[in-house]
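Next comes final_0.tsv, with TSV, C-alpha atoms.
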```
chain	number	residue	atom	x	y	z
T	1	MET	CA	143.71	89.61	121.27
T	2	ALA	CA	140.19	90.48	122.37
T	3	ARG	CA	137.48	89.48	119.95
T	4	SER	CA	135.08	92.14	118.80
T	5	ARG	CA	131.49	91.47	119.67
T	6	PRO	CA	129.12	91.06	116.73
T	7	THR	CA	126.68	93.91	116.24
T	8	VAL	CA	123.24	92.90	117.43
T	9	GLY	CA	120.45	94.65	115.60
T	10	PRO	CA	116.67	94.48	115.81
T	11	LEU	CA	114.88	91.33	114.72
T	12	ARG	CA	113.70	91.46	111.13
T	13	PRO	CA	110.04	91.09	110.16
T	14	GLN	CA	109.12	87.51	109.35
T	15	ILE	CA	107.09	87.78	106.16
T	16	GLN	CA	105.23	84.79	104.80
T	17	PRO	CA	105.39	84.49	100.98
T	18	LEU	CA	102.11	85.06	99.18
T	19	GLU	CA	101.05	82.45	96.63
T	20	LEU	CA	97.85	82.98	94.66
T	21	ALA	CA	96.55	80.67	91.93
T	22	ASP	CA	93.35	79.69	90.10
T	23	LEU	CA	91.57	82.97	90.81
T	24	THR	CA	88.06	83.77	89.62
T	25	GLN	CA	87.56	87.14	87.93
T	26	GLY	CA	85.23	89.31	89.99
T	27	ASP	CA	83.45	92.57	89.27
T	28	ALA	CA	82.21	95.58	91.20
T	29	LEU	CA	78.91	93.85	92.06
T	30	ASP	CA	80.83	91.36	94.20
T	31	LEU	CA	82.12	94.13	96.42
T	32	GLU	CA	79.47	94.52	99.11
T	33	ALA	CA	79.22	94.67	102.88
T	34	ASN	CA	79.54	91.35	104.74
T	35	ALA	CA	80.67	89.58	101.56
T	36	ASP	CA	82.65	86.35	101.90
T	37	LEU	CA	85.09	86.36	98.98
T	38	GLU	CA	87.66	83.61	98.42
T	39	GLY	CA	89.88	83.09	95.39
T	40	PHE	CA	88.86	86.25	93.49
T	41	SER	CA	90.78	88.65	91.25
T	42	PHE	CA	89.50	92.20	90.83
T	43	THR	CA	91.30	94.13	88.08
T	44	ASP	CA	91.11	97.75	86.88
T	45	LEU	CA	87.87	98.75	88.57
T	46	SER	CA	86.75	102.38	88.88
T	47	VAL	CA	83.81	103.06	91.18
T	48	ASP	CA	82.50	105.95	93.28
T	49	GLU	CA	82.65	104.03	96.56
T	50	VAL	CA	83.77	100.61	97.78
T	51	GLU	CA	81.50	99.11	100.44
T	52	LEU	CA	83.16	96.07	102.03
T	53	ARG	CA	82.38	96.67	105.69
T	54	ALA	CA	82.75	93.50	107.82
T	55	ALA	CA	83.60	91.49	104.69
T	56	THR	CA	86.18	88.71	104.30
T	57	LEU	CA	88.67	88.65	101.43
T	58	PHE	CA	90.75	85.47	101.37
T	59	GLN	CA	93.42	84.31	98.89
T	60	SER	CA	92.52	87.10	96.48
T	61	GLN	CA	93.97	90.09	94.67
T	62	VAL	CA	92.79	93.61	93.91
T	63	ILE	CA	94.77	95.32	91.16
T	64	GLY	CA	94.17	98.84	89.85
T	65	LEU	CA	91.18	99.86	91.98
T	66	SER	CA	90.14	103.55	91.94
T	67	ALA	CA	87.41	104.95	94.18
T	68	ASN	CA	86.57	108.18	95.97
T	69	GLN	CA	86.42	106.31	99.25
T	70	ALA	CA	86.35	102.80	100.68
T	71	ASP	CA	84.34	101.75	103.73
T	72	VAL	CA	86.16	98.59	104.82
T	73	ARG	CA	85.69	98.85	108.58
T	74	GLY	CA	86.08	95.47	110.24
T	75	ILE	CA	87.23	93.76	107.05
T	76	ARG	CA	89.34	90.57	107.24
T	77	LEU	CA	92.14	90.43	104.66
T	78	HIS	CA	93.97	87.08	104.66
T	79	GLU	CA	96.51	86.19	101.95
T	80	VAL	CA	95.62	89.17	99.79
T	81	GLU	CA	97.48	91.31	97.23
T	82	LEU	CA	96.46	94.97	96.94
T	83	ASP	CA	98.17	96.57	93.95
T	84	ARG	CA	97.87	100.14	92.61
T	85	LEU	CA	95.00	101.32	94.80
T	86	ASN	CA	93.98	104.95	94.29
T	87	ILE	CA	91.62	105.82	97.13
T	88	PRO	CA	91.63	109.23	98.87
T	89	VAL	CA	89.60	108.05	101.89
T	90	TRP	CA	90.17	104.56	103.34
T	91	LYS	CA	87.93	103.81	106.34
T	92	GLY	CA	89.39	100.59	107.69
T	93	ALA	CA	89.24	100.78	111.48
T	94	ARG	CA	89.34	97.55	113.50
T	95	SER	CA	90.28	95.45	110.48
T	96	ASP	CA	92.38	92.29	110.41
T	97	TRP	CA	95.31	91.97	107.98
T	98	ARG	CA	97.28	88.73	107.73
T	99	ASP	CA	99.74	87.87	104.96
T	100	VAL	CA	98.90	90.95	102.89
T	101	VAL	CA	101.00	92.60	100.18
T	102	VAL	CA	100.32	96.27	99.32
T	103	GLN	CA	102.16	97.62	96.27
T	104	GLY	CA	102.16	100.99	94.53
T	105	GLY	CA	99.21	103.33	94.37
T	106	ARG	CA	98.12	106.11	96.65
T	107	LEU	CA	95.95	106.36	99.74
T	108	GLY	CA	94.94	109.69	101.19
T	109	SER	CA	93.63	109.31	104.74
T	110	ALA	CA	94.02	105.64	105.71
T	111	GLU	CA	92.22	104.88	108.97
T	112	LEU	CA	93.50	101.60	110.41
T	113	TYR	CA	93.20	102.42	114.09
T	114	GLU	CA	92.70	99.49	116.47
T	115	SER	CA	93.47	97.08	113.62
T	116	THR	CA	95.67	93.97	113.63
T	117	LEU	CA	98.46	93.59	111.05
T	118	ARG	CA	100.49	90.37	110.81
T	119	SER	CA	103.00	89.64	108.03
T	120	VAL	CA	102.15	92.71	105.93
T	121	THR	CA	104.33	94.55	103.41
T	122	PHE	CA	103.87	98.04	101.97
T	123	THR	CA	106.05	98.71	98.91
T	124	GLY	CA	106.15	101.91	96.87
T	125	VAL	CA	102.93	103.25	98.40
T	126	LYS	CA	102.15	106.94	98.93
T	127	ILE	CA	99.98	107.68	101.98
T	128	SER	CA	99.05	111.12	103.27
T	129	TYR	CA	97.96	110.01	106.75
T	130	LEU	CA	98.31	106.45	108.06
T	131	ASN	CA	96.34	106.18	111.29
T	132	LEU	CA	97.45	103.11	113.26
T	133	ARG	CA	96.55	104.40	116.72
T	134	GLY	CA	95.93	101.57	119.14
T	135	ALA	CA	96.73	99.00	116.46
T	136	SER	CA	98.78	95.82	116.83
T	137	LEU	CA	101.59	95.38	114.30
T	138	GLN	CA	103.81	92.33	114.08
T	139	ASP	CA	106.11	91.48	111.17
T	140	VAL	CA	105.35	94.56	109.05
T	141	LEU	CA	107.71	96.00	106.42
T	142	PHE	CA	107.55	99.42	104.75
T	143	THR	CA	109.81	99.73	101.69
T	144	ASP	CA	110.27	102.72	99.36
T	145	CYS	CA	107.09	104.43	100.57
T	146	VAL	CA	106.20	108.08	101.14
T	147	ILE	CA	104.10	108.67	104.26
T	148	ASP	CA	103.33	112.26	105.21
T	149	GLU	CA	102.17	111.27	108.70
T	150	LEU	CA	102.53	107.88	110.40
T	151	ASP	CA	100.52	107.70	113.62
T	152	LEU	CA	101.50	104.83	115.93
T	153	GLY	CA	100.15	106.45	119.08
T	154	GLY	CA	99.23	103.78	121.63
T	155	ALA	CA	100.09	100.98	119.18
T	156	LYS	CA	101.83	97.70	119.99
T	157	VAL	CA	104.69	97.26	117.53
T	158	SER	CA	106.93	94.20	117.14
T	159	ARG	CA	109.40	93.37	114.34
T	160	VAL	CA	108.56	96.33	112.10
T	161	SER	CA	111.09	97.79	109.65
T	162	VAL	CA	110.97	101.03	107.68
T	163	GLU	CA	113.34	100.98	104.69
T	164	GLY	CA	113.97	103.61	102.02
T	165	THR	CA	110.83	105.38	103.20
T	166	LYS	CA	110.20	109.08	103.77
T	167	VAL	CA	108.11	109.84	106.85
T	168	GLY	CA	107.14	113.47	107.40
T	169	ARG	CA	105.81	113.04	110.94
T	170	LEU	CA	106.03	109.95	113.15
T	171	ASP	CA	103.91	109.82	116.31
T	172	VAL	CA	104.82	107.14	118.85
T	173	GLN	CA	103.21	108.63	121.95
T	174	GLN	CA	102.20	105.95	124.49
T	175	SER	CA	103.21	103.17	122.09
T	176	GLN	CA	104.87	99.88	123.02
T	177	LEU	CA	107.80	99.23	120.70
T	178	SER	CA	109.86	96.09	120.24
T	179	ASN	CA	112.31	95.66	117.34
T	180	LEU	CA	111.13	98.75	115.46
T	181	ASP	CA	113.89	99.45	112.92
T	182	LEU	CA	113.84	103.06	111.75
T	183	ARG	CA	117.38	103.18	110.34
T	184	GLY	CA	116.19	103.16	106.74
T	185	ALA	CA	113.68	105.95	107.22
T	186	ASP	CA	114.01	109.60	106.25
T	187	LEU	CA	112.43	111.13	109.36
T	188	ALA	CA	111.49	114.80	109.45
T	189	GLU	CA	109.78	114.85	112.86
T	190	ILE	CA	109.12	112.44	115.73
T	191	VAL	CA	106.42	113.08	118.33
T	192	GLY	CA	106.77	111.18	121.60
T	193	LEU	CA	110.53	110.78	121.79
T	194	SER	CA	110.25	109.43	125.33
T	195	ALA	CA	108.31	106.45	123.96
T	196	LEU	CA	111.06	105.38	121.51
T	197	ARG	CA	112.34	102.65	123.82
T	198	GLY	CA	112.49	99.47	121.74
T	199	ALA	CA	113.30	101.30	118.50
T	200	THR	CA	116.60	101.39	116.60
T	201	ILE	CA	117.87	104.50	114.81
T	202	SER	CA	121.12	105.23	113.00
T	203	GLU	CA	123.95	107.47	114.22
T	204	LEU	CA	123.02	110.02	111.55
T	205	GLN	CA	119.41	110.06	112.71
T	206	LEU	CA	120.58	110.50	116.30
T	207	THR	CA	122.61	113.54	115.26
T	208	GLN	CA	119.68	114.99	113.33
T	209	LEU	CA	117.27	114.41	116.22
T	210	ALA	CA	119.65	115.58	118.96
T	211	PRO	CA	118.01	119.02	119.35
T	212	ALA	CA	114.58	117.39	119.71
T	213	PHE	CA	115.92	114.89	122.26
T	214	ALA	CA	117.50	117.74	124.25
T	215	ALA	CA	114.29	119.74	124.19
T	216	SER	CA	112.26	116.73	125.40
T	217	LEU	CA	114.63	116.42	128.37
T	218	GLY	CA	114.57	120.12	129.13
T	219	ILE	CA	118.21	120.57	128.13
T	220	GLN	CA	119.35	123.86	126.68
T	221	ILE	CA	122.03	123.87	124.02
T	222	ALA	CA	124.13	127.04	124.07
```
How does this structure look as structure tokens?
Amino acid sequence: MARSRPTVGPLRPQIQPLELADLTQGDALDLEANADLEGFSFTDLSVDEVELRAATLFQSQVIGLSANQADVRGIRLHEVELDRLNIPVWKGARSDWRDVVVQGGRLGSAELYESTLRSVTFTGVKISYLNLRGASLQDVLFTDCVIDELDLGGAKVSRVSVEGTKVGRLDVQQSQLSNLDLRGADLAEIVGLSALRGATISELQLTQLAPAFAASLGIQIA
């Protein structure tokens, strides 16, 4: 009797556990450009604008932060928990995220283009537009999120999973994908179908996307 071959799926993200202890309570005055913050806890802050451009936040947590916008371009987030952020405009281009947990809250336009994300989880987050164009993502997990538009154009993606997450529009034009698992995503539209090499989708998703695949290949369905 021939043995059935085991199903080989994409490699899962390798997420490092986050352990934070002995944190010092910070306040809004600590949040300034070029700041070097280690071992801080910021809780339930409401400000007009967050200015943390080119700052470093290490082994810290930010819980319940509300602001009209955040200028965090070039920020370094290492071993950080971001919980219940409510920020309509997040300017975070060319930032560095390593071992970061993002939970709950809402971001409007989140600019993370040309950023680096390593061992990052997004759980229960609502994002209108997540701009990751030209970014490098490795070991990233989206769980139970709502993302109106996810832009991965020109990004390098490795071991990224999207689970229980609704994505209105996914753009993968000119991206480089390896072990991108989309089987748990509710996908309304994909732009750049020819660049999906390296991604895994479910049979149901394939059926739903069949007309788009045919159109991209110039095939008429009669």
Nearby residues, (101.0, 106.6, 116.8) file frame, 9 Å, all atoms listed in the file, as a list in words: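 The residues near that point, listed by chain and number, are Asn131, Leu132, Arg133, Gly134, Ala135, Leu150, Asp151, Leu152, Gly153, Gly154, Ala155, Leu170, Asp171, Val172, Gln173, Gln174, Ser175, Val191 and Gly192 of chain T.
Ranking T:Leu77, T:Ala214, T:Val167, T:Val102 by their shortest atom-to-atom distance to T:Tyr129, with only C-alpha atoms included, puts T:Val167 first.
For the pair atom CA of T:Ser60 and atom CA of T:Leu112, the interatomic distance is 20.1 Å.
Compared by their closest atoms to T:Arg12, and using all atoms listed in the file, the residues T:Arg159, T:Arg73, T:Lys126, T:Arg183 rank with T:Arg159 nearest.
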Stretch 74-106 of chain T near stretch 28-40 of chain T within 10 Å: what's each residue's closest atom pair and its distance in Å to one decimal, counting only C-alpha atoms, ordered by chain then ascending residue number, as JSON lines?
```
{"residue": "T:Gly74", "atom": "CA", "partner": "T:Asn34", "partner_atom": "CA", "distance": 9.5}
{"residue": "T:Ile75", "atom": "CA", "partner": "T:Asn34", "partner_atom": "CA", "distance": 8.4}
{"residue": "T:Arg76", "atom": "CA", "partner": "T:Asp36", "partner_atom": "CA", "distance": 9.5}
{"residue": "T:Leu77", "atom": "CA", "partner": "T:Leu37", "partner_atom": "CA", "distance": 9.9}
{"residue": "T:His78", "atom": "CA", "partner": "T:Glu38", "partner_atom": "CA", "distance": 9.5}
{"residue": "T:Glu79", "atom": "CA", "partner": "T:Gly39", "partner_atom": "CA", "distance": 9.8}
{"residue": "T:Val80", "atom": "CA", "partner": "T:Gly39", "partner_atom": "CA", "distance": 9.4}
```
Å distance separating atom CA of T:Glu49 from atom CA of T:Ser66, one decimal place: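 Atom-to-atom, atom CA of T:Glu49 and atom CA of T:Ser66 are spaced 8.8 Å apart.
Considering only C-alpha atoms, the residue among T:Leu141, T:Ala210, T:Ala215, T:Ile87 positioned nearest to T:Asp181 is T:Leu141.
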Nearest residue to T:Gly64 from the set T:Gly104, T:Gly218, T:Glu51, T:Val89 (distances using all atoms listed in the file):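 Selected residue with least distance to T:Gly64: T:Gly104.
Between T:Ile63 and the candidates T:Ser41, T:Thr207, T:Ser95, T:Ser161, the tightest atom-to-atom separation, counting all atoms listed in the file, involves T:Ser41.
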Point-to-point distance in Å for atom CA of T:Gln138 and atom CA of T:Gln16: 12.0 Å
7 Å contact set for T:Gly168, only C-alpha atoms, chain neighbours under 3 positions out, as a VMD selection string: chain T and resid 147 to 149 187 to 189
Please, can stretch 39-71 of chain T be completed to N, CA and C atoms and returned as a short mmCIF file (atom, residue, chain, number, x, y, z; two decimals), in the frame of the given file?
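Once everything was written out, this is part26.cif:
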```
data_model
loop_
_atom_site.label_atom_id
_atom_site.label_comp_id
_atom_site.auth_asym_id
_atom_site.auth_seq_id
_atom_site.Cartn_x
_atom_site.Cartn_y
_atom_site.Cartn_z
N GLY T 39 89.36 83.48 96.69
CA GLY T 39 89.88 83.09 95.39
C GLY T 39 89.43 83.99 94.25
N PHE T 40 89.32 85.31 94.51
CA PHE T 40 88.86 86.25 93.49
C PHE T 40 90.01 87.15 93.02
N SER T 41 89.88 87.63 91.79
CA SER T 41 90.78 88.65 91.25
C SER T 41 89.94 89.80 90.73
N PHE T 42 90.19 91.00 91.28
CA PHE T 42 89.50 92.20 90.83
C PHE T 42 90.53 93.09 90.14
N THR T 43 90.29 93.44 88.88
CA THR T 43 91.30 94.13 88.08
C THR T 43 90.71 95.37 87.42
N ASP T 44 91.43 96.50 87.58
CA ASP T 44 91.11 97.75 86.88
C ASP T 44 89.64 98.15 87.04
N LEU T 45 89.22 98.29 88.28
CA LEU T 45 87.87 98.75 88.57
C LEU T 45 87.91 100.22 88.96
N SER T 46 86.90 100.97 88.52
CA SER T 46 86.75 102.38 88.88
C SER T 46 85.31 102.60 89.34
N VAL T 47 85.14 102.91 90.62
CA VAL T 47 83.81 103.06 91.18
C VAL T 47 83.80 104.31 92.07
N ASP T 48 82.60 104.79 92.40
CA ASP T 48 82.50 105.95 93.28
C ASP T 48 82.91 105.58 94.71
N GLU T 49 82.40 104.43 95.19
CA GLU T 49 82.65 104.03 96.56
C GLU T 49 82.74 102.51 96.67
N VAL T 50 83.66 102.04 97.48
CA VAL T 50 83.77 100.61 97.78
C VAL T 50 83.13 100.37 99.14
N GLU T 51 82.19 99.44 99.20
CA GLU T 51 81.50 99.11 100.44
C GLU T 51 81.78 97.64 100.77
N LEU T 52 82.78 97.44 101.64
CA LEU T 52 83.16 96.07 102.03
C LEU T 52 83.22 95.95 103.55
N ARG T 53 82.37 96.69 104.23
CA ARG T 53 82.38 96.67 105.69
C ARG T 53 82.08 95.27 106.20
N ALA T 54 82.92 94.81 107.17
CA ALA T 54 82.75 93.50 107.82
C ALA T 54 82.80 92.34 106.83
N ALA T 55 83.46 92.56 105.68
CA ALA T 55 83.60 91.49 104.69
C ALA T 55 84.86 90.68 104.96
N THR T 56 84.99 89.56 104.24
CA THR T 56 86.18 88.71 104.30
C THR T 56 86.73 88.54 102.89
N LEU T 57 88.00 88.84 102.72
CA LEU T 57 88.67 88.65 101.43
C LEU T 57 89.85 87.72 101.67
N PHE T 58 89.79 86.52 101.07
CA PHE T 58 90.75 85.47 101.37
C PHE T 58 91.36 84.94 100.08
N GLN T 59 92.69 84.82 100.06
CA GLN T 59 93.42 84.31 98.89
C GLN T 59 92.95 84.99 97.62
N SER T 60 93.04 86.31 97.60
CA SER T 60 92.52 87.10 96.48
C SER T 60 93.46 88.25 96.17
N GLN T 61 93.18 88.92 95.05
CA GLN T 61 93.97 90.09 94.67
C GLN T 61 93.06 91.19 94.14
N VAL T 62 93.48 92.43 94.42
CA VAL T 62 92.79 93.61 93.91
C VAL T 62 93.85 94.46 93.24
N ILE T 63 93.74 94.63 91.92
CA ILE T 63 94.77 95.32 91.16
C ILE T 63 94.13 96.48 90.39
N GLY T 64 94.64 97.69 90.62
CA GLY T 64 94.17 98.84 89.85
C GLY T 64 92.77 99.29 90.23
N LEU T 65 92.49 99.42 91.52
CA LEU T 65 91.18 99.86 91.98
C LEU T 65 91.21 101.36 92.28
N SER T 66 90.28 102.11 91.68
CA SER T 66 90.14 103.55 91.94
C SER T 66 88.75 103.81 92.48
N ALA T 67 88.69 104.60 93.57
CA ALA T 67 87.41 104.95 94.18
C ALA T 67 87.58 106.24 94.97
N ASN T 68 86.50 106.97 95.16
CA ASN T 68 86.57 108.18 95.97
C ASN T 68 86.79 107.85 97.43
N GLN T 69 86.19 106.75 97.89
CA GLN T 69 86.42 106.31 99.25
C GLN T 69 86.08 104.84 99.37
N ALA T 70 86.62 104.20 100.41
CA ALA T 70 86.35 102.80 100.68
C ALA T 70 85.95 102.65 102.14
N ASP T 71 84.77 102.06 102.38
CA ASP T 71 84.34 101.75 103.73
C ASP T 71 84.61 100.27 103.96
#
```
